[in-house]
Structures are given as structure tokens and as C-alpha cells.
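J.: File data_16.pdb follows (PDB, C-alpha atoms, pLDDT in the B column):
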ATOM      1  CA  THR A   5     212.135 247.868  95.779  1.00 96.00           C
ATOM      2  CA  VAL A   6     212.461 250.855  93.430  1.00 97.00           C
ATOM      3  CA  ALA A   7     208.778 251.741  93.904  1.00 97.00           C
ATOM      4  CA  GLN A   8     208.721 251.247  97.661  1.00 97.00           C
ATOM      5  CA  LYS A   9     211.773 253.453  98.138  1.00 97.00           C
ATOM      6  CA  PHE A  10     210.261 256.176  95.930  1.00 98.00           C
ATOM      7  CA  LEU A  11     206.811 256.072  97.567  1.00 98.00           C
ATOM      8  CA  LYS A  12     208.184 256.244 101.089  1.00 97.00           C
ATOM      9  CA  LYS A  13     209.186 259.852 100.340  1.00 96.00           C
ATOM     10  CA  TYR A  14     205.504 260.623  99.728  1.00 96.00           C
ATOM     11  CA  GLY A  15     204.222 258.972 102.886  1.00 95.00           C
ATOM     12  CA  LEU A  16     203.298 255.497 101.630  1.00 97.00           C
ATOM     13  CA  GLU A  17     204.809 252.759 103.772  1.00 94.00           C
ATOM     14  CA  LEU A  18     205.157 249.097 102.871  1.00 91.00           C
ATOM     15  CA  ASN A  19     202.232 247.834 104.990  1.00 92.00           C
ATOM     16  CA  ASP A  20     199.803 250.691 104.316  1.00 95.00           C
ATOM     17  CA  GLN A  21     196.387 249.792 102.943  1.00 96.00           C
ATOM     18  CA  PHE A  22     195.832 252.016  99.934  1.00 98.00           C
ATOM     19  CA  VAL A  23     193.576 252.576  96.938  1.00 98.00           C
ATOM     20  CA  VAL A  24     195.094 253.475  93.572  1.00 98.00           C
ATOM     21  CA  PHE A  25     192.999 256.078  91.721  1.00 98.00           C
ATOM     22  CA  HIS A  26     193.013 256.920  88.020  1.00 96.00           C
ATOM     23  CA  VAL A  27     190.368 258.514  85.801  1.00 95.00           C
ATOM     24  CA  ARG A  28     191.023 259.054  82.142  1.00 85.00           C
ATOM     25  CA  GLU A  29     191.423 262.617  80.840  1.00 78.00           C
ATOM     26  CA  GLY A  30     192.411 264.094  77.505  1.00 60.00           C
ATOM     27  CA  GLY A  31     195.976 265.039  76.692  1.00 52.00           C
ATOM     28  CA  TYR A  32     197.635 261.628  76.550  1.00 65.00           C
ATOM     29  CA  ILE A  33     196.016 259.703  73.694  1.00 59.00           C
ATOM     30  CA  ASP A  34     192.974 261.390  72.218  1.00 57.00           C
ATOM     31  CA  ALA A  35     190.501 259.967  69.714  1.00 57.00           C
ATOM     32  CA  ILE A  36     186.753 260.194  69.216  1.00 60.00           C
ATOM     33  CA  GLN A  37     186.150 256.847  70.977  1.00 60.00           C
ATOM     34  CA  HIS A  38     187.678 258.275  74.155  1.00 55.00           C
ATOM     35  CA  GLN A  39     185.173 261.111  74.513  1.00 60.00           C
ATOM     36  CA  TYR A  40     182.708 259.190  76.685  1.00 64.00           C
ATOM     37  CA  ARG A  41     185.505 257.380  78.504  1.00 67.00           C
ATOM     38  CA  ASN A  42     187.033 260.593  79.864  1.00 69.00           C
ATOM     39  CA  SER A  43     185.920 261.958  83.237  1.00 74.00           C
ATOM     40  CA  ASP A  44     186.313 265.089  85.320  1.00 89.00           C
ATOM     41  CA  PRO A  45     188.349 264.149  88.405  1.00 92.00           C
ATOM     42  CA  ASN A  46     186.714 266.992  90.362  1.00 92.00           C
ATOM     43  CA  ASP A  47     183.556 264.871  90.432  1.00 94.00           C
ATOM     44  CA  TYR A  48     185.467 262.306  92.520  1.00 96.00           C
ATOM     45  CA  ARG A  49     186.498 264.606  95.377  1.00 96.00           C
ATOM     46  CA  GLU A  50     183.763 263.414  97.739  1.00 96.00           C
ATOM     47  CA  ALA A  51     184.609 259.774  97.042  1.00 97.00           C
ATOM     48  CA  ILE A  52     188.342 260.342  97.610  1.00 97.00           C
ATOM     49  CA  ASN A  53     187.741 262.256 100.831  1.00 97.00           C
ATOM     50  CA  TRP A  54     185.449 259.512 102.090  1.00 98.00           C
ATOM     51  CA  LEU A  55     188.171 256.908 101.479  1.00 98.00           C
ATOM     52  CA  LEU A  56     190.717 259.093 103.278  1.00 97.00           C
ATOM     53  CA  ASP A  57     188.346 259.607 106.222  1.00 97.00           C
ATOM     54  CA  ALA A  58     187.754 255.836 106.313  1.00 97.00           C
ATOM     55  CA  GLY A  59     191.481 255.298 106.914  1.00 96.00           C
ATOM     56  CA  PHE A  60     192.664 254.375 103.433  1.00 97.00           C
ATOM     57  CA  LYS A  61     195.558 256.074 101.749  1.00 97.00           C
ATOM     58  CA  VAL A  62     194.722 257.100  98.180  1.00 98.00           C
ATOM     59  CA  VAL A  63     197.388 257.381  95.473  1.00 98.00           C
ATOM     60  CA  ARG A  64     196.493 259.054  92.185  1.00 98.00           C
ATOM     61  CA  ILE A  65     198.359 258.147  89.003  1.00 97.00           C
ATOM     62  CA  GLY A  66     198.175 259.508  85.469  1.00 94.00           C
ATOM     63  CA  HIS A  67     199.960 262.025  83.267  1.00 91.00           C
ATOM     64  CA  SER A  68     201.189 265.575  83.869  1.00 91.00           C
ATOM     65  CA  LYS A  69     198.411 267.263  81.854  1.00 88.00           C
ATOM     66  CA  MET A  70     195.707 266.005  84.196  1.00 90.00           C
ATOM     67  CA  THR A  71     193.549 268.354  86.265  1.00 91.00           C
ATOM     68  CA  SER A  72     194.935 269.254  89.678  1.00 91.00           C
ATOM     69  CA  LEU A  73     192.883 267.953  92.593  1.00 90.00           C
ATOM     70  CA  ASP A  74     192.972 270.487  95.405  1.00 83.00           C
ATOM     71  CA  GLY A  75     190.965 270.056  98.581  1.00 81.00           C
ATOM     72  CA  CYS A  76     191.701 266.358  99.079  1.00 89.00           C
ATOM     73  CA  ASP A  77     193.970 266.569 102.121  1.00 93.00           C
ATOM     74  CA  GLY A  78     196.043 263.413 102.365  1.00 95.00           C
ATOM     75  CA  LEU A  79     195.740 262.429  98.695  1.00 97.00           C
ATOM     76  CA  ILE A  80     199.094 261.336  97.267  1.00 97.00           C
ATOM     77  CA  ASP A  81     198.846 262.835  93.785  1.00 97.00           C
ATOM     78  CA  LEU A  82     201.665 261.660  91.520  1.00 97.00           C
ATOM     79  CA  THR A  83     200.279 262.993  88.246  1.00 95.00           C
ATOM     80  CA  LYS A  84     202.665 265.980  88.130  1.00 94.00           C
ATOM     81  CA  ILE A  85     205.666 264.068  89.496  1.00 96.00           C
ATOM     82  CA  ASP A  86     208.322 262.327  87.411  1.00 96.00           C
ATOM     83  CA  ARG A  87     208.651 258.764  88.663  1.00 97.00           C
ATOM     84  CA  PRO A  88     210.164 255.433  87.658  1.00 97.00           C
ATOM     85  CA  GLY A  89     207.889 253.105  85.689  1.00 95.00           C
ATOM     86  CA  GLU A  90     208.088 250.608  88.538  1.00 98.00           C
ATOM     87  CA  VAL A  91     205.991 252.944  90.700  1.00 98.00           C
ATOM     88  CA  ASP A  92     202.749 252.651  88.699  1.00 97.00           C
ATOM     89  CA  ILE A  93     203.276 248.908  88.233  1.00 98.00           C
ATOM     90  CA  TYR A  94     203.736 248.429  91.966  1.00 98.00           C
ATOM     91  CA  LEU A  95     200.741 250.608  92.862  1.00 98.00           C
ATOM     92  CA  CYS A  96     198.437 248.728  90.491  1.00 98.00           C
ATOM     93  CA  GLY A  97     199.703 245.389  91.766  1.00 97.00           C
ATOM     94  CA  ALA A  98     199.669 246.052  95.512  1.00 97.00           C
ATOM     95  CA  ALA A  99     196.538 248.193  95.990  1.00 98.00           C
ATOM     96  CA  TYR A 100     193.607 247.145  98.172  1.00 98.00           C
ATOM     97  CA  PHE A 101     191.596 247.995  95.090  1.00 98.00           C
ATOM     98  CA  TYR A 102     191.805 250.064  91.909  1.00 98.00           C
ATOM     99  CA  PHE A 103     189.274 252.893  91.547  1.00 98.00           C
ATOM    100  CA  GLY A 104     188.615 254.661  88.263  1.00 95.00           C
ATOM    101  CA  SER A 105     188.392 254.357  84.498  1.00 91.00           C
ATOM    102  CA  GLY A 106     188.801 251.351  82.243  1.00 85.00           C
ATOM    103  CA  SER A 107     192.125 252.692  81.010  1.00 85.00           C
ATOM    104  CA  GLY A 108     195.640 251.224  80.933  1.00 88.00           C
ATOM    105  CA  PRO A 109     196.102 251.071  84.730  1.00 94.00           C
ATOM    106  CA  PHE A 110     192.779 249.202  84.954  1.00 94.00           C
ATOM    107  CA  SER A 111     194.174 246.343  82.853  1.00 93.00           C
ATOM    108  CA  LEU A 112     197.417 246.349  84.805  1.00 95.00           C
ATOM    109  CA  ALA A 113     195.614 246.059  88.148  1.00 97.00           C
ATOM    110  CA  TYR A 114     193.270 243.423  86.735  1.00 95.00           C
ATOM    111  CA  ASN A 115     196.137 241.224  85.603  1.00 95.00           C
ATOM    112  CA  PHE A 116     197.632 241.371  89.093  1.00 96.00           C
ATOM    113  CA  GLY A 117     194.307 240.110  90.498  1.00 95.00           C
ATOM    114  CA  VAL A 118     193.584 243.397  92.273  1.00 97.00           C
ATOM    115  CA  PRO A 119     189.844 244.092  92.746  1.00 97.00           C
ATOM    116  CA  ILE A 120     188.529 246.811  90.431  1.00 97.00           C
ATOM    117  CA  ALA A 121     185.992 249.577  91.094  1.00 97.00           C
ATOM    118  CA  TYR A 122     185.275 250.457  87.464  1.00 96.00           C
ATOM    119  CA  SER A 123     183.625 253.854  87.258  1.00 95.00           C
ATOM    120  CA  SER A 124     181.542 255.247  84.341  1.00 93.00           C
ATOM    121  CA  ALA A 125     182.047 251.992  82.454  1.00 92.00           C
ATOM    122  CA  ILE A 126     181.449 251.820  78.709  1.00 89.00           C
ATOM    123  CA  PRO A 127     180.927 249.805  76.489  1.00 90.00           C
ATOM    124  CA  TYR A 128     178.268 247.484  77.876  1.00 88.00           C
ATOM    125  CA  GLY A 129     179.701 244.247  76.497  1.00 79.00           C
ATOM    126  CA  ARG A 130     180.636 241.099  78.366  1.00 73.00           C
ATOM    127  CA  THR A 131     183.356 241.821  80.861  1.00 70.00           C
ATOM    128  CA  ARG A 132     185.443 240.135  83.493  1.00 76.00           C
ATOM    129  CA  PRO A 133     185.038 238.853  87.046  1.00 81.00           C
ATOM    130  CA  ASN A 134     186.833 240.504  90.001  1.00 90.00           C
ATOM    131  CA  VAL A 135     185.326 243.818  88.876  1.00 95.00           C
ATOM    132  CA  PHE A 136     182.668 245.932  90.592  1.00 96.00           C
ATOM    133  CA  LYS A 137     181.107 248.216  88.037  1.00 95.00           C
ATOM    134  CA  HIS A 138     179.149 251.444  87.711  1.00 96.00           C
ATOM    135  CA  PHE A 139     178.035 251.679  84.085  1.00 95.00           C
ATOM    136  CA  LEU A 140     177.849 255.042  82.350  1.00 94.00           C
ATOM    137  CA  GLU A 141     174.099 255.446  81.986  1.00 94.00           C
ATOM    138  CA  LEU A 142     172.947 256.075  78.418  1.00 95.00           C
ATOM    139  CA  LYS A 143     169.712 257.943  77.842  1.00 95.00           C
ATOM    140  CA  ASN A 144     167.475 258.595  74.874  1.00 96.00           C
ATOM    141  CA  LYS A 145     167.991 262.313  74.301  1.00 93.00           C
ATOM    142  CA  GLU A 146     164.361 262.851  73.259  1.00 94.00           C
ATOM    143  CA  THR A 147     162.628 260.985  76.093  1.00 95.00           C
ATOM    144  CA  ASN A 148     165.438 261.231  78.705  1.00 94.00           C
ATOM    145  CA  GLU A 149     164.784 257.590  79.557  1.00 95.00           C
ATOM    146  CA  ALA A 150     167.696 255.377  80.576  1.00 94.00           C
ATOM    147  CA  ILE A 151     168.391 252.453  78.247  1.00 95.00           C
ATOM    148  CA  GLY A 152     168.839 249.171  80.094  1.00 94.00           C
ATOM    149  CA  PHE A 153     171.037 246.207  79.197  1.00 94.00           C
ATOM    150  CA  SER A 154     168.308 244.586  77.126  1.00 93.00           C
ATOM    151  CA  GLY A 155     167.832 247.732  75.060  1.00 95.00           C
ATOM    152  CA  ILE A 156     171.569 248.041  74.445  1.00 94.00           C
ATOM    153  CA  SER A 157     171.652 244.389  73.381  1.00 93.00           C
ATOM    154  CA  GLU A 158     168.673 244.748  71.044  1.00 94.00           C
ATOM    155  CA  MET A 159     170.417 247.641  69.284  1.00 94.00           C
ATOM    156  CA  GLY A 160     173.634 245.626  68.994  1.00 94.00           C
ATOM    157  CA  LEU A 161     175.634 248.209  70.928  1.00 93.00           C
ATOM    158  CA  GLU A 162     177.265 245.983  73.558  1.00 92.00           C
ATOM    159  CA  LEU A 163     180.781 246.640  72.251  1.00 90.00           C
ATOM    160  CA  ILE A 164     180.310 250.266  71.186  1.00 88.00           C
ATOM    161  CA  CYS A 165     181.733 253.318  72.933  1.00 85.00           C
ATOM    162  CA  SER A 166     181.998 255.609  69.896  1.00 89.00           C
ATOM    163  CA  PRO A 167     179.945 258.809  70.410  1.00 91.00           C
ATOM    164  CA  LYS A 168     179.359 258.973  66.648  1.00 91.00           C
ATOM    165  CA  ILE A 169     177.572 255.618  66.585  1.00 92.00           C
ATOM    166  CA  LEU A 170     175.722 256.096  69.882  1.00 93.00           C
ATOM    167  CA  ASN A 171     174.434 259.446  68.626  1.00 92.00           C
ATOM    168  CA  ARG A 172     172.977 257.688  65.582  1.00 94.00           C
ATOM    169  CA  TYR A 173     170.801 255.790  68.030  1.00 95.00           C
ATOM    170  CA  ASN A 174     169.845 259.017  69.808  1.00 95.00           C
ATOM    171  CA  LEU A 175     171.813 258.043  72.908  1.00 95.00           C
ATOM    172  CA  VAL A 176     173.774 260.401  75.144  1.00 93.00           C
ATOM    173  CA  PRO A 177     175.555 259.700  78.453  1.00 92.00           C
ATOM    174  CA  SER A 178     174.224 260.823  81.798  1.00 92.00           C
ATOM    175  CA  VAL A 179     177.381 261.916  83.630  1.00 90.00           C
ATOM    176  CA  PRO A 180     177.398 260.570  87.210  1.00 93.00           C
ATOM    177  CA  SER A 181     177.165 263.145  89.974  1.00 95.00           C
ATOM    178  CA  SER A 182     179.674 263.488  92.807  1.00 96.00           C
ATOM    179  CA  LYS A 183     177.179 261.750  95.084  1.00 97.00           C
ATOM    180  CA  GLU A 184     176.902 258.805  92.689  1.00 97.00           C
ATOM    181  CA  HIS A 185     180.689 258.388  92.731  1.00 97.00           C
ATOM    182  CA  LEU A 186     180.606 258.578  96.526  1.00 98.00           C
ATOM    183  CA  ASP A 187     177.837 255.980  96.787  1.00 98.00           C
ATOM    184  CA  PHE A 188     179.702 253.770  94.327  1.00 98.00           C
ATOM    185  CA  VAL A 189     182.965 253.713  96.261  1.00 98.00           C
ATOM    186  CA  LYS A 190     181.091 253.065  99.522  1.00 98.00           C
ATOM    187  CA  GLU A 191     179.402 250.094  97.867  1.00 98.00           C
ATOM    188  CA  MET A 192     182.771 248.866  96.553  1.00 98.00           C
ATOM    189  CA  VAL A 193     184.074 248.571 100.108  1.00 98.00           C
ATOM    190  CA  GLU A 194     180.803 246.916 101.127  1.00 98.00           C
ATOM    191  CA  TYR A 195     181.052 244.517  98.169  1.00 98.00           C
ATOM    192  CA  MET A 196     184.582 243.478  99.124  1.00 97.00           C
ATOM    193  CA  GLU A 197     183.397 242.801 102.671  1.00 96.00           C
ATOM    194  CA  GLU A 198     180.531 240.673 101.232  1.00 97.00           C
ATOM    195  CA  GLY A 199     177.937 243.011 102.690  1.00 98.00           C
ATOM    196  CA  PRO A 200     174.392 243.778 101.434  1.00 98.00           C
ATOM    197  CA  ILE A 201     175.412 244.847  97.904  1.00 98.00           C
ATOM    198  CA  PHE A 202     177.377 241.616  97.498  1.00 97.00           C
ATOM    199  CA  GLN A 203     174.378 239.572  98.604  1.00 98.00           C
ATOM    200  CA  LEU A 204     172.076 241.540  96.291  1.00 98.00           C
ATOM    201  CA  ASN A 205     174.349 240.708  93.362  1.00 97.00           C
ATOM    202  CA  LYS A 206     174.226 237.021  94.302  1.00 96.00           C
ATOM    203  CA  SER A 207     170.431 237.107  94.399  1.00 97.00           C
ATOM    204  CA  ARG A 208     170.342 238.545  90.871  1.00 96.00           C
ATOM    205  CA  PHE A 209     172.919 236.189  89.406  1.00 94.00           C
ATOM    206  CA  ASP A 210     170.557 234.673  86.811  1.00 95.00           C
ATOM    207  CA  GLU A 211     169.452 238.089  85.493  1.00 94.00           C
ATOM    208  CA  LYS A 212     173.059 239.204  85.192  1.00 92.00           C
ATOM    209  CA  GLN A 213     174.136 235.997  83.474  1.00 89.00           C
ATOM    210  CA  LYS A 214     171.492 236.462  80.768  1.00 89.00           C
ATOM    211  CA  GLN A 215     173.206 239.745  79.880  1.00 88.00           C
ATOM    212  CA  GLY A 216     176.681 238.204  80.017  1.00 86.00           C
ATOM    213  CA  ILE A 217     177.584 240.160  83.145  1.00 89.00           C
ATOM    214  CA  MET A 218     180.172 238.355  85.239  1.00 88.00           C
ATOM    215  CA  GLU A 219     181.189 241.204  87.526  1.00 90.00           C
ATOM    216  CA  GLY A 220     179.460 242.864  90.453  1.00 95.00           C
ATOM    217  CA  LEU A 221     177.162 245.808  89.806  1.00 96.00           C
ATOM    218  CA  CYS A 222     176.494 248.791  92.027  1.00 97.00           C
ATOM    219  CA  SER A 223     172.879 249.432  92.984  1.00 97.00           C
ATOM    220  CA  LYS A 224     172.535 252.171  90.351  1.00 96.00           C
ATOM    221  CA  SER A 225     173.592 249.785  87.564  1.00 96.00           C
ATOM    222  CA  LEU A 226     171.441 246.936  88.902  1.00 96.00           C
ATOM    223  CA  GLU A 227     168.462 249.159  88.050  1.00 95.00           C
ATOM    224  CA  LEU A 228     169.386 248.730  84.366  1.00 94.00           C
ATOM    225  CA  LEU A 229     168.788 244.963  84.387  1.00 93.00           C
TER     226      LEU A 229
END
In C-alpha cells, what does this structure look like?
T.:
Amino acid sequence: TVAQKFLKKYGLELNDQFVVFHVREGGYIDAIQHQYRNSDPNDYREAINWLLDAGFKVVRIGHSKMTSLDGCDGLIDLTKIDRPGEVDIYLCGAAYFYFGSGSGPFSLAYNFGVPIAYSSAIPYGRTRPNVFKHFLELKNKETNEAIGFSGISEMGLELICSPKILNRYNLVPSVPSSKEHLDFVKEMVEYMEEGPIFQLNKSRFDEKQKQGIMEGLCSKSLELL
């Protein structure tokens, strides 16, 4: 009730279908292991605008030091707004799906059973069902070749997100482009509607299971199998 009353002032009604959006940035809790888990929200503009054009409402949560997102007309951006704690809990629990980083709100949404579009995911270890994932591609910085799941497993890096350790193995992230984020969120909607990307994941179930992958993968991450 607290959250619904608060959100009504910002144009979110009780029966609206909405996506909750959060990508991790520095300024809240910062440590070396967070370096590759942080993202630039500007790279998500196209994806947010596509969701808005598709008829979804999009609500952004996070902290006050986050980058402003101009040019996303219709986005409900709460990052600079003081709000009761019930608001973020409600948004993560009532969203059509969660879109963004594997940060605190990710776990909150997951525990409410809300579908997750997990962007730029790292580490590569075994993860949970009810998640549709776009892995942060890791490349050998000498050859520029992407390292697949088998290569990550052979190096014993499934649970590693520390830049210091990944650099020892000559690995650097390939930051997804705006178009990749756009394609990913389109596939998330398709996956939830059990469209072609859902069927493709079913057809590759055995390959995914060998790598301990229980969630859905976007087409870009399926290439890493």
C-alpha cells in the first residue's frame, strides 16, 4: 500500500504492466570485484526506449549517485528521488520482469519469482532457473577470441569475477553494445512468450546442462556453448 500510493504520483497505476530496471554503477559499494559488474546505463537507452514503445512502463531504481538517463521519454527514474524502502521491494516483486545487473535488486526479484533478464552476467558459474541471461563475453586480449563456457571451465574460472584474476589469464571483457542490449531485451520478451529463442534453448538443453546452465541464454550467449 505504501509503494502503490507513492508510485501513483509518478504515473504507475496498480494494474500497469511494467519492467523494473537496474544496472550497477560505482558510488554505492565499490571493490575490485565490482569493476566488471558495473555498466554504463547510457548503453541501455535503445533497449529502454524499445520497451516503452512496446507499451511497457519502465521504472529505474538505484542510488542517487547514478548517471542521469535523459532522452528516455516515459522512463520513471527513481534514482534521484527519496522513497520508502517498500517501493523497491514492491517494484522487484510485482514487475513483469527485472532487467539489469546481478546486483541486490536482482536477488530480490528472483526470490519473488519474477523473471530475470540478467545483462552482462559474470561469473560464469552454475546459476538459477527463471533467468534469461546475456553473459559478459570474455576475450583473450592477445588473440581477441571469445572464450566459451568450456574454456572458462578448463581454466577453473566459473566462479570468478575478479579483474585481477581474469587478467592473469589474459582475459578482458567485451562490453556489449547498445544494439546487443536492445537485441537482448527483445529476446527476453520473446523468451517469456515461448517464441523462437525459447524453443532454441529447449533444443540445446543437453549442451547447456553439461555446463551446468539452468537458465535461458540469449542467442549471443548460445554462441559460447
J.: With a distance cut-off of 7 Å and all atoms listed in the file, select the neighbouring residues of A:Met192, excluding the residue or stretch itself and same-chain residues fewer than 3 positions from it, and output the selection as a list in words.
T.: Ala121, Phe136, Phe188, Val189, Tyr195 and Met196 of chain A
J.: Can you spit out the residues from that selection as a compact mmCIF listing (two decimals), in the frame of the given file, using C-alpha atoms?
T.:
# COMPACT_ATOMS: atom_id res chain seq x y z
CA ALA A 121 185.99 249.58 91.09
CA PHE A 136 182.67 245.93 90.59
CA PHE A 188 179.70 253.77 94.33
CA VAL A 189 182.96 253.71 96.26
CA TYR A 195 181.05 244.52 98.17
CA MET A 196 184.58 243.48 99.12
J.: So the first atom is atom CA of A:Ile201 and the second is atom CA of A:Asn46; what is the distance between them in Å, to one decimal place?
T.: 26.0 Å
J.: Quick one: apply the PyMOL selection byres ((chain A and resi 220) around 10) to the file and drop the selected residues here as JSON, numbers by chain.
T.: {"A": [120, 121, 132, 133, 134, 135, 136, 137, 138, 192, 195, 201, 202, 204, 205, 206, 209, 212, 217, 218, 219, 221, 222, 223, 225, 226]}
J.: Would you work out the distance separating atom CA of A:Glu227 from atom CA of A:Leu140, expressed in Å to one decimal?
T.: 12.5 Å
J.: On this structure, the PyMOL selection byres ((chain A and resi 175-181) around 7) would catch which residues? List them as a CSV table (one decimal) with C-alpha atoms, keeping the file's coordinate frame, sorted by chain and number.
T.:
chain,number,residue,atom,x,y,z
A,47,ASP,CA,183.6,264.9,90.4
A,140,LEU,CA,177.8,255.0,82.4
A,141,GLU,CA,174.1,255.4,82.0
A,142,LEU,CA,172.9,256.1,78.4
A,143,LYS,CA,169.7,257.9,77.8
A,144,ASN,CA,167.5,258.6,74.9
A,145,LYS,CA,168.0,262.3,74.3
A,170,LEU,CA,175.7,256.1,69.9
A,171,ASN,CA,174.4,259.4,68.6
A,173,TYR,CA,170.8,255.8,68.0
A,174,ASN,CA,169.8,259.0,69.8
A,182,SER,CA,179.7,263.5,92.8
A,183,LYS,CA,177.2,261.8,95.1
A,184,GLU,CA,176.9,258.8,92.7
A,185,HIS,CA,180.7,258.4,92.7
J.: My list of candidates is A:Ile85, A:Leu163, A:Val193, A:Val63. Which is closest to A:Phe25 when distances are computed with all atoms listed in the file?
T.: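 Answer, going by the shortest atom-to-atom distance: A:Val63.
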J.: Which distance in Å separates atom CA of A:Leu11 and atom CA of A:Gly78, to one decimal?
T.: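 We find that atom CA of A:Leu11 and atom CA of A:Gly78 lie 13.9 Å from each other.
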J.: In terms of the shortest atom-to-atom distance over only C-alpha atoms, which of A:Ile65, A:Tyr48, A:Asp187, A:Leu79 is closest to A:Gly108?
T.: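 Residue with the minimum atom-to-atom distance to A:Gly108: A:Ile65.
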J.: Determine the residue membership of the PyMOL selection byres ((chain A and resi 45) around 9) for the file above and supply it as a PyMOL selection string.
T.: chain A and resi 26-29+43-44+46-49+70-73
J.: Excluding A:Pro109 and its own-chain neighbours fewer than 6 positions away, which residues fall within 9 Å of it when counting all atoms listed in the file? Please give them as JSON, numbers by chain.
T.: {"A": [26, 65, 66, 92, 93, 96, 102]}
J.: Since we have the selection now, will you write its residues out, keeping C-alpha atoms, as a CSV table (one decimal), in the coordinates of the input?
T.:
chain,number,residue,atom,x,y,z
A,26,HIS,CA,193.0,256.9,88.0
A,65,ILE,CA,198.4,258.1,89.0
A,66,GLY,CA,198.2,259.5,85.5
A,92,ASP,CA,202.7,252.7,88.7
A,93,ILE,CA,203.3,248.9,88.2
A,96,CYS,CA,198.4,248.7,90.5
A,102,TYR,CA,191.8,250.1,91.9
J.: Would you pick out the contacts of A:Lys61 at 7 Å or less, using all atoms listed in the file, so that residues sharing its chain but fewer than 3 positions from it are not included, and give the list as an NGL selection string?
T.: :A and (21-23 or 56)
J.: Can you list, as a PDB file with C-alpha atoms, in the frame of the given file, every protein, DNA or RNA residue that comes within 10 Å of A:Pro88 when you count all atoms listed in the file, leaving out same-chain residues fewer than 5 positions away?
T.:
ATOM      1  CA  VAL A   6     212.461 250.855  93.430  1.00 97.00           C
ATOM      2  CA  ALA A   7     208.778 251.741  93.904  1.00 97.00           C
ATOM      3  CA  PHE A  10     210.261 256.176  95.930  1.00 98.00           C
ATOM      4  CA  ILE A  93     203.276 248.908  88.233  1.00 98.00           C
TER       5      ILE A  93
END
J.: Measuring between only C-alpha atoms, which one of A:Ser154, A:Thr131, A:Asn19, A:Ser124 shows the shortest distance to A:Ser105?
T.: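 Selected residue with least distance to A:Ser105: A:Ser124.
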J.: Name the residues in contact with A:Ser157 at a cut-off of 9 Å, using all atoms listed in the file, excluding same-chain residues fewer than 3 positions from it; report them as number ranges by chain.
T.: A: 128-129, 152-154, 160-162, 215
